[in-house]
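One structure is given here, and the rest of the page talks about it.
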Amino acid sequence: MSLAGKQCIVSGGSRGIGLAIARLFAAEGAACTLVGRDRPRLDTAVKTLERGDDDTLQHDISCFDVGTVNGWEKLKASTKHQNCDILVNAAGISQNSFLFATKPSDLDALIATNLMGTVWGCKYFVPKMMKQKGGCIINVSSLLATHGGRGASVYAASKAGVVALTRSLAWEVGRFGIRANVLLPGYVKTDMTEGMDANGELSALIPMGRLGLDTEVAEAALFLATNSYAHNCVLNIDGGLSAT
Ligand SMILES: NC(=O)c1ccc[n+]([C@@H]2O[C@H](COP(=O)([O-])OP(=O)(O)OC[C@H]3O[C@@H](n4cnc5c(N)ncnc54)[C@H](OP(=O)(O)O)[C@@H]3O)[C@@H](O)[C@H]2O)c1
């Protein structure tokens, strides 16, 4: 098992891409802490993770809004999380409205969750990784970070910020044995894309002719988690959509 004994925190781990990553990492031996805002959903999600042989490493949940500093501070301070080998920042919300028609509070939430949620996760867990003399950060951005999207202006901006954050961190933390990488999924079948491909028009735009699966994104995350020279990877996983 390639992640045996590793401790992993996955924001957005209650469902979708984050949960798929946690499930694969757990199957590879990692102990995962799932972060989300909905406790019952987290409780259900954590039960789907494979349990390893090592009783000292347990899966866990932590219920808070990633856009708030408090939640990250508490998670960092908790005795269960003195170590963090892998931090996956997958929590995110989407936008489906033109900038001029979007409420300011919704724009704030996009930046707070997608960008600042990732900033806080990195800020609070990089010091632990420095103490451990190693670690791995996997941020989940989006193809829209590089391509933009109609009705997704601030979502795209928040995800471009995640790419820039990861690249800058790669400079800052590499010398401490910490690797920082970012995934740019195209369209993936999750709650976030529900109904978007109802008539197949979206699939028709994608060279591979279909949306991706959360498990396919998870496999890309596992590559980033296990390849010891993968650092500052900006990895498209989009069925070829970035080629169009
Ligand atoms: N699906 C796609 O096509 C696609 C494409 C490119 C990038 N992405 C990115 O991939 C990531 C995962 O997306 P997904 O498709 O798996 O979406 P999803 O199924 O809607 O899941 C979103 C996850 O983020 C969590 N979350 C949202 N806001 C949060 C907050 N403020 N605090 C804590 N947790 C929060 C949700 O937890 P709750 O239970 O609290 O709601 C849930 O676990 C996102 O960053 C998204 O932008 C997705």
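The way I read the labels, and the way they are meant: chains A, B, ... in the order of the structure tokens, residue 1 as the first residue of every chain, and ligand 1 as the first ligand shown, with later ones counted on from there.
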
Report task. Name the residues in contact with Val182 in chain A at a cut-off of 9 Å, using only C-alpha atoms, excluding same-chain residues fewer than 2 positions from it; report them as a ChimeraX atom specification. Result -> /A:137-141,162-163,166-167,180,184,221,224,232-236

Query raised in the report: Residues at most 8 Å from ligand 1, using only C-alpha atoms and all ligand atoms? Could they come as a PyMOL selection string?
Result: chain A and resi 11-19+35-39+41-42+63-67+89-94+109+112-114+117+140-144+155+159+184-193+211-212+214

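In the backbone-derived DSSP annotation, strand (DSSP E) within range 51-206 of chain A comprises A:Asp60, A:Ile61, A:Ser62, A:Cys63, A:Ile86, A:Leu87, A:Val88, A:Asn89, A:Gly135, A:Cys136, A:Ile137, A:Ile138, A:Asn139, A:Val140, A:Ile178, A:Arg179, A:Ala180, A:Asn181, A:Val182, A:Leu183, A:Leu184, A:Pro185.
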
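Compared by their closest atoms to Gly71 in chain A, and using only C-alpha atoms, the residues A:Trp120, A:Lys103, A:Met196, A:Gly29 rank with A:Trp120 nearest.
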
Report summary line: CA of Val217 in chain A to CA of Ala157 in chain A measures 21.3 Å

Query raised in the report: For Cys136 in chain A, which of A:Leu202, A:Ala45, A:Leu165, A:Val88 is the closest residue, counting only C-alpha atoms?
Result: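 For Cys136 in chain A, the nearest of the candidates is A:Val88.
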
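The protein and nucleic acid residues lying at most 10 Å from Leu222 in chain A are Ser2, Leu3, Ile21, Ala22, Leu24, Phe25, Glu28, Ile138 and Glu216 of chain A, with only C-alpha atoms considered and sequence neighbours fewer than 6 positions away removed.
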
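Between Ala220 in chain A and the residues A:Lys128, A:Cys32, A:Lys74, A:Ala20, the shortest atom-to-atom distance, using only C-alpha atoms, involves A:Ala20.
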
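Distances from A:Ala101, A:Ala164, A:Met130, A:Leu34 to Thr118 in chain A were compared using only C-alpha atoms, and the smallest one belongs to A:Ala164.
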
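Atom pair CA of Gly209 in chain A / CA of Leu241 in chain A has a distance of 9.6 Å (rounded to one decimal).
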
Query raised in the report: Can you list, as a ChimeraX atom specification, every residue of range 15-183 of chain A that DSSP puts in alpha helix (DSSP H)?
Result: /A:16-27,39-46,69-77,104-110,117-132,144-147,153-173

Report task. Write out as JSON, numbers by chain each polymer residue whose atoms come within 12 Å of Lys80 in chain A, counting only C-alpha atoms; drop sequence neighbours fewer than 6 positions from it. Result -> {"A": [7, 8, 9, 31, 32, 33, 56, 57, 58, 59, 60, 61, 62, 74]}

Query raised in the report: In Å, how far is it from CA of Lys131 in chain A to CA of Val119 in chain A?
Result: 19.1 Å

Query raised in the report: For Ile206 in chain A, which of A:Leu107, A:Trp72, A:Ile237, A:Ala77 is the closest residue, counting only C-alpha atoms?
Result: A:Ile237
